[in-house]
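Text of final-v9.pdb (PDB, C-alpha atoms and all ligand atoms) as supplied:
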ATOM      1  CA  MET A 279    -292.559 205.564  69.374
ATOM      2  CA  ALA A 280    -294.101 202.089  68.968
ATOM      3  CA  ALA A 281    -295.631 200.446  72.050
ATOM      4  CA  LYS A 282    -293.251 198.352  74.158
ATOM      5  CA  TRP A 283    -293.799 194.593  74.355
ATOM      6  CA  THR A 284    -292.436 191.696  76.390
ATOM      7  CA  LEU A 285    -291.735 188.455  74.506
ATOM      8  CA  ILE A 286    -291.773 185.271  76.617
ATOM      9  CA  THR A 287    -290.921 181.834  75.219
ATOM     10  CA  GLY A 288    -292.098 178.622  76.848
ATOM     11  CA  ALA A 289    -295.126 180.475  78.231
ATOM     12  CA  SER A 290    -297.494 177.473  78.133
ATOM     13  CA  GLU A 291    -296.130 175.806  81.288
ATOM     14  CA  GLY A 292    -294.030 176.185  84.418
ATOM     15  CA  LEU A 293    -291.682 179.134  84.762
ATOM     16  CA  GLY A 294    -292.926 180.758  81.543
ATOM     17  CA  VAL A 295    -296.449 181.084  82.965
ATOM     18  CA  GLU A 296    -295.017 182.718  86.093
ATOM     19  CA  PHE A 297    -292.954 185.202  84.051
ATOM     20  CA  ALA A 298    -296.076 186.091  82.085
ATOM     21  CA  LYS A 299    -298.056 186.714  85.294
ATOM     22  CA  ILE A 300    -295.308 188.976  86.693
ATOM     23  CA  ALA A 301    -295.000 190.984  83.474
ATOM     24  CA  ALA A 302    -298.791 191.284  83.181
ATOM     25  CA  ALA A 303    -299.082 192.522  86.774
ATOM     26  CA  GLU A 304    -296.689 195.344  85.779
ATOM     27  CA  GLY A 305    -299.115 196.280  82.993
ATOM     28  CA  ARG A 306    -296.833 195.106  80.186
ATOM     29  CA  ASP A 307    -298.199 194.020  76.811
ATOM     30  CA  LEU A 308    -297.158 190.454  76.063
ATOM     31  CA  ILE A 309    -296.296 188.087  73.259
ATOM     32  CA  LEU A 310    -296.507 184.477  74.412
ATOM     33  CA  VAL A 311    -294.742 181.686  72.532
ATOM     34  CA  ALA A 312    -294.717 177.858  72.835
ATOM     35  CA  ARG A 313    -296.254 174.968  70.872
ATOM     36  CA  GLN A 314    -299.409 174.317  72.939
ATOM     37  CA  ALA A 315    -301.724 176.963  71.507
ATOM     38  CA  ASP A 316    -304.681 176.082  73.757
ATOM     39  CA  LYS A 317    -302.684 176.652  76.941
ATOM     40  CA  LEU A 318    -301.241 179.923  75.615
ATOM     41  CA  GLU A 319    -304.730 181.147  74.650
ATOM     42  CA  ALA A 320    -306.173 180.267  78.055
ATOM     43  CA  LEU A 321    -303.380 182.129  79.855
ATOM     44  CA  ALA A 322    -303.676 185.096  77.488
ATOM     45  CA  GLU A 323    -307.406 185.391  78.111
ATOM     46  CA  THR A 324    -306.925 185.327  81.895
ATOM     47  CA  LEU A 325    -304.217 188.010  81.759
ATOM     48  CA  ARG A 326    -306.168 190.265  79.355
ATOM     49  CA  THR A 327    -309.197 190.170  81.618
ATOM     50  CA  ARG A 328    -307.321 190.567  84.884
ATOM     51  CA  HIS A 329    -304.812 193.269  83.848
ATOM     52  CA  LYS A 330    -306.365 195.016  80.808
ATOM     53  CA  ILE A 331    -303.251 194.446  78.726
ATOM     54  CA  ALA A 332    -302.726 193.336  75.127
ATOM     55  CA  VAL A 333    -301.582 189.727  74.798
ATOM     56  CA  GLU A 334    -300.679 188.110  71.493
ATOM     57  CA  VAL A 335    -300.238 184.355  71.224
ATOM     58  CA  ILE A 336    -297.885 182.939  68.600
ATOM     59  CA  PRO A 337    -297.705 179.126  68.628
ATOM     60  CA  THR A 338    -294.233 178.205  67.383
ATOM     61  CA  ASP A 339    -292.012 175.137  67.382
ATOM     62  CA  LEU A 340    -288.727 176.662  68.497
ATOM     63  CA  SER A 341    -286.766 173.562  67.504
ATOM     64  CA  ASP A 342    -287.037 174.779  63.880
ATOM     65  CA  PRO A 343    -284.608 177.688  63.272
ATOM     66  CA  ALA A 344    -286.598 178.949  60.259
ATOM     67  CA  SER A 345    -289.713 179.215  62.462
ATOM     68  CA  VAL A 346    -287.703 181.126  65.066
ATOM     69  CA  GLU A 347    -286.532 183.653  62.462
ATOM     70  CA  ALA A 348    -290.111 183.958  61.159
ATOM     71  CA  LEU A 349    -291.335 184.527  64.726
ATOM     72  CA  TRP A 350    -288.857 187.361  65.232
ATOM     73  CA  ARG A 351    -289.728 189.025  61.898
ATOM     74  CA  ARG A 352    -293.397 188.898  62.888
ATOM     75  CA  VAL A 353    -293.008 190.254  66.421
ATOM     76  CA  ALA A 354    -290.488 193.003  65.689
ATOM     77  CA  LEU A 355    -292.502 194.500  62.842
ATOM     78  CA  ARG A 356    -293.789 197.893  64.028
ATOM     79  CA  ARG A 357    -293.162 196.954  67.658
ATOM     80  CA  HIS A 358    -290.496 197.709  70.235
ATOM     81  CA  ILE A 359    -289.650 194.527  72.136
ATOM     82  CA  ASP A 360    -288.014 195.907  75.270
ATOM     83  CA  ILE A 361    -287.935 192.637  77.258
ATOM     84  CA  LEU A 362    -287.140 189.160  75.923
ATOM     85  CA  VAL A 363    -287.454 186.191  78.285
ATOM     86  CA  ASN A 364    -285.684 183.268  76.617
ATOM     87  CA  ASN A 365    -287.264 180.641  78.873
ATOM     88  CA  ALA A 366    -288.316 177.681  76.675
ATOM     89  CA  GLY A 367    -286.148 174.646  77.281
ATOM     90  CA  LEU A 368    -286.073 170.891  77.702
ATOM     91  CA  GLY A 369    -283.767 168.171  78.936
ATOM     92  CA  TYR A 370    -283.286 164.444  78.810
ATOM     93  CA  ASN A 371    -281.988 162.117  81.516
ATOM     94  CA  GLY A 372    -280.320 159.021  80.090
ATOM     95  CA  PRO A 373    -276.914 157.765  78.987
ATOM     96  CA  PHE A 374    -275.340 159.487  75.989
ATOM     97  CA  SER A 375    -274.635 156.033  74.542
ATOM     98  CA  GLY A 376    -278.385 155.284  74.485
ATOM     99  CA  PRO A 377    -280.483 155.210  71.316
ATOM    100  CA  ASP A 378    -282.793 158.142  72.149
ATOM    101  CA  PHE A 379    -281.255 161.073  70.291
ATOM    102  CA  ASP A 380    -284.295 163.103  69.138
ATOM    103  CA  ARG A 381    -284.879 164.744  72.492
ATOM    104  CA  GLU A 382    -281.196 165.615  72.934
ATOM    105  CA  LEU A 383    -281.106 167.189  69.483
ATOM    106  CA  SER A 384    -284.305 169.111  70.292
ATOM    107  CA  SER A 385    -282.723 170.402  73.472
ATOM    108  CA  VAL A 386    -279.778 171.791  71.486
ATOM    109  CA  ALA A 387    -282.175 173.341  68.972
ATOM    110  CA  VAL A 388    -284.374 175.001  71.623
ATOM    111  CA  ASN A 389    -281.958 175.681  74.512
ATOM    112  CA  VAL A 390    -279.077 176.840  72.276
ATOM    113  CA  THR A 391    -280.049 177.663  68.688
ATOM    114  CA  ALA A 392    -283.456 179.282  69.243
ATOM    115  CA  LEU A 393    -282.195 181.157  72.304
ATOM    116  CA  THR A 394    -279.208 182.468  70.322
ATOM    117  CA  ILE A 395    -281.294 183.549  67.331
ATOM    118  CA  LEU A 396    -283.800 185.429  69.497
ATOM    119  CA  MET A 397    -281.091 186.999  71.639
ATOM    120  CA  LYS A 398    -279.089 188.070  68.581
ATOM    121  CA  ARG A 399    -282.120 189.674  66.934
ATOM    122  CA  ALA A 400    -283.369 191.211  70.186
ATOM    123  CA  VAL A 401    -280.042 192.723  71.218
ATOM    124  CA  GLY A 402    -279.596 194.378  67.807
ATOM    125  CA  HIS A 403    -283.174 195.650  67.947
ATOM    126  CA  MET A 404    -282.809 196.905  71.540
ATOM    127  CA  VAL A 405    -279.528 198.714  70.840
ATOM    128  CA  ALA A 406    -281.197 200.437  67.859
ATOM    129  CA  GLN A 407    -284.237 201.325  70.003
ATOM    130  CA  GLY A 408    -282.075 202.726  72.815
ATOM    131  CA  GLY A 409    -282.688 200.128  75.519
ATOM    132  CA  GLY A 410    -283.979 196.750  76.584
ATOM    133  CA  ARG A 411    -283.426 193.664  78.711
ATOM    134  CA  VAL A 412    -282.862 189.988  77.935
ATOM    135  CA  LEU A 413    -283.398 187.242  80.515
ATOM    136  CA  ASN A 414    -281.968 183.858  79.507
ATOM    137  CA  VAL A 415    -283.124 180.934  81.639
ATOM    138  CA  ALA A 416    -280.080 178.708  82.210
ATOM    139  CA  SER A 417    -279.692 176.347  85.211
ATOM    140  CA  THR A 418    -277.261 175.329  87.936
ATOM    141  CA  ALA A 419    -276.529 172.566  85.409
ATOM    142  CA  ALA A 420    -274.384 175.202  83.691
ATOM    143  CA  PHE A 421    -271.676 174.955  86.336
ATOM    144  CA  MET A 422    -270.650 171.310  85.965
ATOM    145  CA  PRO A 423    -270.644 168.518  83.380
ATOM    146  CA  GLY A 424    -273.726 166.293  83.769
ATOM    147  CA  PRO A 425    -273.168 162.560  83.246
ATOM    148  CA  ASN A 426    -276.558 161.096  82.223
ATOM    149  CA  MET A 427    -277.684 164.604  81.243
ATOM    150  CA  ALA A 428    -274.602 165.436  79.211
ATOM    151  CA  VAL A 429    -276.283 167.399  76.432
ATOM    152  CA  TYR A 430    -278.576 169.374  78.764
ATOM    153  CA  HIS A 431    -275.692 170.486  81.012
ATOM    154  CA  ALA A 432    -273.658 171.479  77.959
ATOM    155  CA  THR A 433    -276.546 173.574  76.593
ATOM    156  CA  LYS A 434    -276.883 175.459  79.868
ATOM    157  CA  ALA A 435    -273.100 176.037  80.146
ATOM    158  CA  TYR A 436    -273.383 177.604  76.695
ATOM    159  CA  VAL A 437    -276.218 179.895  77.851
ATOM    160  CA  VAL A 438    -274.233 181.214  80.823
ATOM    161  CA  SER A 439    -271.064 181.709  78.769
ATOM    162  CA  LEU A 440    -272.959 183.507  75.988
ATOM    163  CA  THR A 441    -274.788 185.721  78.472
ATOM    164  CA  GLU A 442    -271.642 186.768  80.349
ATOM    165  CA  ALA A 443    -269.747 187.546  77.160
ATOM    166  CA  VAL A 444    -272.527 189.599  75.584
ATOM    167  CA  ALA A 445    -273.199 191.390  78.880
ATOM    168  CA  GLU A 446    -269.567 192.508  78.878
ATOM    169  CA  GLU A 447    -269.855 193.700  75.262
ATOM    170  CA  LEU A 448    -272.928 195.715  76.284
ATOM    171  CA  ARG A 449    -271.335 197.109  79.470
ATOM    172  CA  ASP A 450    -271.686 200.752  78.406
ATOM    173  CA  SER A 451    -275.019 200.372  76.623
ATOM    174  CA  PRO A 452    -278.604 200.652  77.917
ATOM    175  CA  VAL A 453    -279.204 196.983  77.010
ATOM    176  CA  THR A 454    -278.681 194.311  79.691
ATOM    177  CA  VAL A 455    -278.460 190.536  79.492
ATOM    178  CA  THR A 456    -279.063 188.252  82.498
ATOM    179  CA  ALA A 457    -278.767 184.486  83.002
ATOM    180  CA  LEU A 458    -281.111 182.936  85.579
ATOM    181  CA  CYS A 459    -279.762 179.704  87.091
ATOM    182  CA  PRO A 460    -282.388 177.825  89.096
ATOM    183  CA  GLY A 461    -281.902 174.424  90.673
ATOM    184  CA  ALA A 462    -284.650 171.813  90.813
ATOM    185  CA  THR A 463    -288.018 173.583  90.502
ATOM    186  CA  VAL A 464    -291.597 172.298  90.567
ATOM    187  CA  THR A 465    -292.723 172.299  86.898
ATOM    188  CA  ASN A 466    -293.296 169.615  84.257
ATOM    189  CA  PHE A 467    -289.614 169.754  83.338
ATOM    190  CA  ALA A 468    -288.462 166.793  85.478
ATOM    191  CA  ARG A 469    -291.283 164.529  84.309
ATOM    192  CA  ASP A 470    -290.669 165.397  80.647
ATOM    193  CA  ALA A 471    -286.909 164.917  81.075
ATOM    194  CA  LYS A 472    -287.509 161.528  82.764
ATOM    195  CA  MET A 473    -285.572 162.665  85.836
ATOM    196  CA  GLU A 474    -288.166 162.678  88.626
ATOM    197  CA  HIS A 475    -286.509 159.612  90.166
ATOM    198  CA  ILE A 476    -282.980 161.035  90.375
ATOM    199  CA  ALA A 477    -281.271 162.040  93.632
ATOM    200  CA  LEU A 478    -281.224 165.750  92.687
ATOM    201  CA  PHE A 479    -285.020 165.889  92.862
ATOM    202  CA  ARG A 480    -285.197 163.744  96.024
ATOM    203  CA  ILE A 481    -282.457 165.255  98.241
ATOM    204  CA  LEU A 482    -284.141 168.630  98.715
ATOM    205  CA  PRO A 483    -287.662 169.864  98.060
ATOM    206  CA  PRO A 484    -287.713 171.569  94.647
ATOM    207  CA  ALA A 485    -288.291 175.345  94.607
ATOM    208  CA  ARG A 486    -291.633 176.896  93.692
ATOM    209  CA  ALA A 487    -291.789 178.187  90.140
ATOM    210  CA  ALA A 488    -293.353 181.504  91.196
ATOM    211  CA  SER A 489    -290.502 182.418  93.555
ATOM    212  CA  VAL A 490    -287.829 181.380  91.032
ATOM    213  CA  ALA A 491    -289.466 183.533  88.355
ATOM    214  CA  ARG A 492    -289.732 186.509  90.733
ATOM    215  CA  ALA A 493    -286.013 186.254  91.562
ATOM    216  CA  GLY A 494    -285.087 186.062  87.885
ATOM    217  CA  TRP A 495    -287.325 188.969  86.939
ATOM    218  CA  ALA A 496    -285.843 191.156  89.712
ATOM    219  CA  ALA A 497    -282.285 190.270  88.672
ATOM    220  CA  MET A 498    -283.111 191.154  85.065
ATOM    221  CA  LYS A 499    -284.583 194.494  86.142
ATOM    222  CA  ARG A 500    -281.387 195.258  88.058
ATOM    223  CA  GLY A 501    -279.271 194.294  85.047
ATOM    224  CA  ARG A 502    -277.399 191.543  86.894
ATOM    225  CA  ARG A 503    -275.395 189.159  84.749
ATOM    226  CA  ILE A 504    -276.073 185.914  86.642
ATOM    227  CA  ARG A 505    -278.643 185.017  89.275
ATOM    228  CA  VAL A 506    -278.425 181.638  90.995
ATOM    229  CA  THR A 507    -281.570 181.095  93.079
ATOM    230  CA  GLY A 508    -281.441 179.532  96.578
ATOM    231  CA  LEU A 509    -278.595 179.137  99.069
ATOM    232  CA  VAL A 510    -277.941 175.455  98.392
ATOM    233  CA  ASN A 511    -277.934 176.125  94.655
ATOM    234  CA  LYS A 512    -275.393 178.916  95.171
ATOM    235  CA  LEU A 513    -273.112 176.424  96.974
ATOM    236  CA  PHE A 514    -273.814 173.915  94.210
ATOM    237  CA  ALA A 515    -272.801 176.485  91.601
ATOM    238  CA  PHE A 516    -269.735 177.760  93.463
ATOM    239  CA  SER A 517    -268.225 174.526  94.817
ATOM    240  CA  PRO A 518    -267.102 173.144  91.413
ATOM    241  CA  ARG A 519    -264.524 175.954  91.357
ATOM    242  CA  LEU A 520    -262.805 174.452  94.416
ATOM    243  CA  ALA A 521    -262.400 170.827  93.337
ATOM    244  CA  PRO A 522    -260.699 169.103  90.386
ATOM    245  CA  ARG A 523    -263.051 168.858  87.407
ATOM    246  CA  ARG A 524    -262.881 165.056  87.367
ATOM    247  CA  ILE A 525    -264.151 164.843  90.965
ATOM    248  CA  VAL A 526    -266.867 167.412  90.284
ATOM    249  CA  THR A 527    -268.040 165.315  87.339
ATOM    250  CA  ARG A 528    -268.070 162.137  89.475
ATOM    251  CA  ILE A 529    -270.195 163.848  92.157
ATOM    252  CA  ALA A 530    -272.547 165.203  89.492
ATOM    253  CA  ALA A 531    -272.942 161.659  88.151
ATOM    254  CA  SER A 532    -274.084 160.444  91.570
ATOM    255  CA  ILE A 533    -276.853 163.041  91.890
ATOM    256  CA  LEU A 534    -278.057 162.663  88.307
ATOM    257  CA  LYS A 535    -278.588 158.878  88.602
TER     258      LYS A 535
HETATM  259  N1  LIG Y 601    -287.830 172.859  86.400
HETATM  260  C1  LIG Y 601    -286.550 172.764  86.737
HETATM  261  O1  LIG Y 601    -286.162 171.983  87.627
HETATM  262  C2  LIG Y 601    -285.539 173.660  86.037
HETATM  263  C3  LIG Y 601    -284.293 173.850  86.662
HETATM  264  C4  LIG Y 601    -283.356 174.671  86.036
HETATM  265  C5  LIG Y 601    -283.659 175.269  84.838
HETATM  266  N2  LIG Y 601    -284.855 175.051  84.230
HETATM  267  C6  LIG Y 601    -285.115 175.705  82.936
HETATM  268  O2  LIG Y 601    -286.292 176.489  83.048
HETATM  269  C7  LIG Y 601    -286.841 176.702  81.740
HETATM  270  C8  LIG Y 601    -288.346 176.488  81.793
HETATM  271  O3  LIG Y 601    -288.604 175.142  82.097
HETATM  272  P1  LIG Y 601    -289.762 174.676  83.092
HETATM  273  O4  LIG Y 601    -289.112 174.140  84.293
HETATM  274  O5  LIG Y 601    -290.783 175.744  83.221
HETATM  275  O6  LIG Y 601    -290.297 173.393  82.278
HETATM  276  P2  LIG Y 601    -291.713 173.050  81.627
HETATM  277  O7  LIG Y 601    -292.793 173.217  82.626
HETATM  278  O8  LIG Y 601    -291.498 171.718  81.000
HETATM  279  O9  LIG Y 601    -291.884 174.169  80.492
HETATM  280  C9  LIG Y 601    -291.069 174.159  79.337
HETATM  281  C10 LIG Y 601    -291.610 175.186  78.356
HETATM  282  O10 LIG Y 601    -290.771 175.141  77.175
HETATM  283  C11 LIG Y 601    -291.619 175.028  76.041
HETATM  284  N3  LIG Y 601    -290.983 174.294  74.955
HETATM  285  C12 LIG Y 601    -290.346 173.088  75.016
HETATM  286  N4  LIG Y 601    -289.997 172.693  73.775
HETATM  287  C13 LIG Y 601    -290.438 173.671  72.920
HETATM  288  C14 LIG Y 601    -290.395 173.820  71.509
HETATM  289  N5  LIG Y 601    -289.838 172.885  70.703
HETATM  290  N6  LIG Y 601    -290.934 174.925  70.967
HETATM  291  C15 LIG Y 601    -291.516 175.865  71.758
HETATM  292  N7  LIG Y 601    -291.583 175.788  73.100
HETATM  293  C16 LIG Y 601    -291.054 174.687  73.665
HETATM  294  C17 LIG Y 601    -292.848 174.272  76.533
HETATM  295  O11 LIG Y 601    -293.983 174.610  75.721
HETATM  296  P3  LIG Y 601    -294.737 173.618  74.701
HETATM  297  O12 LIG Y 601    -294.614 172.219  75.215
HETATM  298  O13 LIG Y 601    -296.126 174.165  74.697
HETATM  299  O14 LIG Y 601    -294.052 173.838  73.395
HETATM  300  C18 LIG Y 601    -293.026 174.870  77.928
HETATM  301  O15 LIG Y 601    -293.779 176.050  77.872
HETATM  302  C19 LIG Y 601    -286.099 175.731  80.820
HETATM  303  O16 LIG Y 601    -285.159 176.451  80.059
HETATM  304  C20 LIG Y 601    -285.394 174.778  81.786
HETATM  305  O17 LIG Y 601    -284.212 174.242  81.232
HETATM  306  C21 LIG Y 601    -285.815 174.265  84.817
END

Before anything else, please render the file you have as structure tokens.
Amino acid sequence: MAAKWTLITGASEGLGVEFAKIAAAEGRDLILVARQADKLEALAETLRTRHKIAVEVIPTDLSDPASVEALWRRVALRRHIDILVNNAGLGYNGPFSGPDFDRELSSVAVNVTALTILMKRAVGHMVAQGGGRVLNVASTAAFMPGPNMAVYHATKAYVVSLTEAVAEELRDSPVTVTALCPGATVTNFARDAKMEHIALFRILPPARAASVARAGWAAMKRGRRIRVTGLVNKLFAFSPRLAPRRIVTRIAASILK
């Protein structure tokens, strides 16, 4: 049988780097994907030296669906991908009525389209190979509409819904699909999304990326469908079920300002 590989998207920064370190420490061979080739190469070299594993770097712009399909064809050729971490993602904080649309469209392309293409290809491949695990990085944003981050919240609601549905389809198979739902976490995400100033990032100290990644990795290994990290985030994710949707949306608006 072909060697088993772990494919991690968004491995140049933040949570993706932490997932790569965890997988490498388990002795797994890795394929690292993002746009910043220099950062991927530097991480790959560190992990090769430290853990004596094979690491391939494939710089890819995941906002282009054709590039995502080409990436999959390249990685799945003669290889068994037994773990896919669909981590790459981006957001944008600003009113939907505003002029800045490129970043919102990119977030749909990366958070939704690329994630769906890779998950679709990986699940088919894993079922044919007799096993595998997919970890989709969603967010607590999935559990409520997000005024001022409307597109981002909608993309993450999609990720959780897709994950739960496919997990049910795969209930009796050796392939599992998990959605990780972190709250605010220390990475470059907030700066890039122009949301460092908002209440969500000021009310509580953001979580450390390493501990969020460890929790997600463990949940994936156990085949859990959804993992919300942190007690406050669990309340944040659960409480919208108790209140009318309109009130939930109003409260969300106040913490996303
Ligand atoms: N940080 C938080 O507070 C938080 C909370 C909940 C959920 N999340 C989710 O966690 C995941 C990881 O984010 P992070 O917090 O680690 O943020 P980050 O530090 O900004 O990292 C984002 C990663 O996504 C990659 N990426 C973005 N656009 C891409 C594109 N077009 N093509 C390929 N790769 C692309 C970036 O790589 P390049 O720039 O090199 O392409 C980078 O490696 C995301 O899905 C995010 O929605 C984050």

Worksheet entry | Closest of A:Leu520, A:Leu355, A:Ile533, A:Val405 to Trp283 of chain A - atom-to-atom distances counting all atoms listed in the file |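 Result for the nearest residue to Trp283 of chain A: A:Leu355.
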
With 6 Å added on each side, what axis-aligned box encloses every listed atom of ligand LIG 601 (chain Y)? Give the centre and edge lengths in Å to one decimal, as JSON.
{"center_x": -289.7, "center_y": 174.2, "center_z": 79.2, "size_x": 24.8, "size_y": 17.0, "size_z": 28.9}

Worksheet item: Which neighbours of Gly372 of chain A fall inside 9 Å, counting only C-alpha atoms, when residues of the same chain fewer than 2 positions from it are skipped, and could you give them as a ChimeraX atom specification?
Response: /A:370,374-376,378,425-428,471-473,535

Item to complete: Would you kindly return, as a ChimeraX atom specification, each protein, DNA or RNA residue with an atom no farther than 12 Å from any atom of Ser417 of chain A, considering all atoms listed in the file and excluding same-chain residues fewer than 3 positions away?
Response: /A:365,367-369,389,414,420-422,424,430-438,457-463,490,494,504-508,511-512,514-515

With C-alpha atoms kept, could you save the residues just selected as a compact mmCIF listing (two decimals), in the frame of the given file?
# COMPACT_ATOMS: atom_id res chain seq x y z
CA ASN A 365 -287.26 180.64 78.87
CA GLY A 367 -286.15 174.65 77.28
CA LEU A 368 -286.07 170.89 77.70
CA GLY A 369 -283.77 168.17 78.94
CA ASN A 389 -281.96 175.68 74.51
CA ASN A 414 -281.97 183.86 79.51
CA ALA A 420 -274.38 175.20 83.69
CA PHE A 421 -271.68 174.96 86.34
CA MET A 422 -270.65 171.31 85.96
CA GLY A 424 -273.73 166.29 83.77
CA TYR A 430 -278.58 169.37 78.76
CA HIS A 431 -275.69 170.49 81.01
CA ALA A 432 -273.66 171.48 77.96
CA THR A 433 -276.55 173.57 76.59
CA LYS A 434 -276.88 175.46 79.87
CA ALA A 435 -273.10 176.04 80.15
CA TYR A 436 -273.38 177.60 76.69
CA VAL A 437 -276.22 179.90 77.85
CA VAL A 438 -274.23 181.21 80.82
CA ALA A 457 -278.77 184.49 83.00
CA LEU A 458 -281.11 182.94 85.58
CA CYS A 459 -279.76 179.70 87.09
CA PRO A 460 -282.39 177.82 89.10
CA GLY A 461 -281.90 174.42 90.67
CA ALA A 462 -284.65 171.81 90.81
CA THR A 463 -288.02 173.58 90.50
CA VAL A 490 -287.83 181.38 91.03
CA GLY A 494 -285.09 186.06 87.88
CA ILE A 504 -276.07 185.91 86.64
CA ARG A 505 -278.64 185.02 89.28
CA VAL A 506 -278.42 181.64 91.00
CA THR A 507 -281.57 181.10 93.08
CA GLY A 508 -281.44 179.53 96.58
CA ASN A 511 -277.93 176.12 94.66
CA LYS A 512 -275.39 178.92 95.17
CA PHE A 514 -273.81 173.92 94.21
CA ALA A 515 -272.80 176.48 91.60

Worksheet item: Counting all atoms listed in the file, what residues are within 8 Å of ligand LIG 601 (chain Y), given as a ChimeraX atom specification?
Response: /A:287-295,311-315,317-318,337-342,364-369,384-385,387-389,415-419,430,434,459-470,484,487

Worksheet item: Got a sec to resolve the PyMOL selection byres (((chain A and resi 320-325) around 8) and not hetatm) on this structure and send the residues as a list in words?
Response: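 Written out, the selection comes to Ser290, Val295, Lys299, Ala302, Leu310, Asp316, Lys317, Leu318, Glu319, Arg326, Thr327, Arg328, His329, Lys330, Ile331, Val333, Glu334 and Val335 of chain A.
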
Worksheet item: Between atom CA of Arg411 of chain A and atom CA of Ile336 of chain A, what is the distance, to one decimal in Å?
Response: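 Separating atom CA of Arg411 of chain A from atom CA of Ile336 of chain A is a distance of 20.6 Å.
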
Worksheet item: Could you state the separation of atom CA of Arg357 of chain A and atom CA of Ala400 of chain A in Å, given to one decimal place?
Response: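 The value is 11.6 Å.
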
Item to complete: For atom CA of Lys398 of chain A and atom CA of Gly305 of chain A, quote the distance in Å rounded to one decimal.
Response: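 The value is 26.0 Å.
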
Item to complete: Rank A:Ala485, A:Leu308, A:Val390, A:Ile300 by their smallest atom-to-atom distance to Leu509 of chain A, using only C-alpha atoms, and report the top residue only.
Response: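 The closest residue to Leu509 of chain A is A:Ala485.
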
Worksheet item: What's the 8 Å shell around Gly409 of chain A, counting all atoms listed in the file, without same-chain residues fewer than 6 positions away, as a ChimeraX atom specification?
Response: /A:360,451-453

Practice prompt. Using the chain letters and numbers from the file, give me the residues hit by the PyMOL selection byres (((chain A and resi 501) around 8) and not hetatm), as a list in words.
Written response: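 Answer for the PyMOL selection byres (((chain A and resi 501) around 8) and not hetatm): Arg411, Thr454, Val455, Thr456, Ala497, Met498, Lys499, Arg500, Arg502 and Arg503 of chain A.
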
Worksheet item: Hey, can you pull every residue with an atom no more than 12 Å from (-271.5, 191.1, 71.4), using all atoms listed in the file, and send it as a PyMOL selection string?
Response: chain A and resi 394+397-402+405+439-451+453-455

Item to complete: For each of A:Val526, A:Leu482, A:Ala298, A:Ile395, take the minimum atom-to-atom distance to Arg351 of chain A, counting all atoms listed in the file, then give the residue where this is smallest.
Response: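 Result for the nearest residue to Arg351 of chain A: A:Ile395.
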
Worksheet item: Which one of A:Phe516, A:Leu285, A:Val386, A:Val510 sits closest to Ala354 of chain A if you count only C-alpha atoms?
Response: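 Counting only C-alpha atoms, the residue closest to Ala354 of chain A is A:Leu285.
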
Practice prompt. Choose the residue, out of A:Pro423, A:Ala496, A:His475, A:Leu383, that has the smallest atom-to-atom separation from Arg528 of chain A; count only C-alpha atoms.
Written response: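 Residue with the minimum atom-to-atom distance to Arg528 of chain A: A:Pro423.
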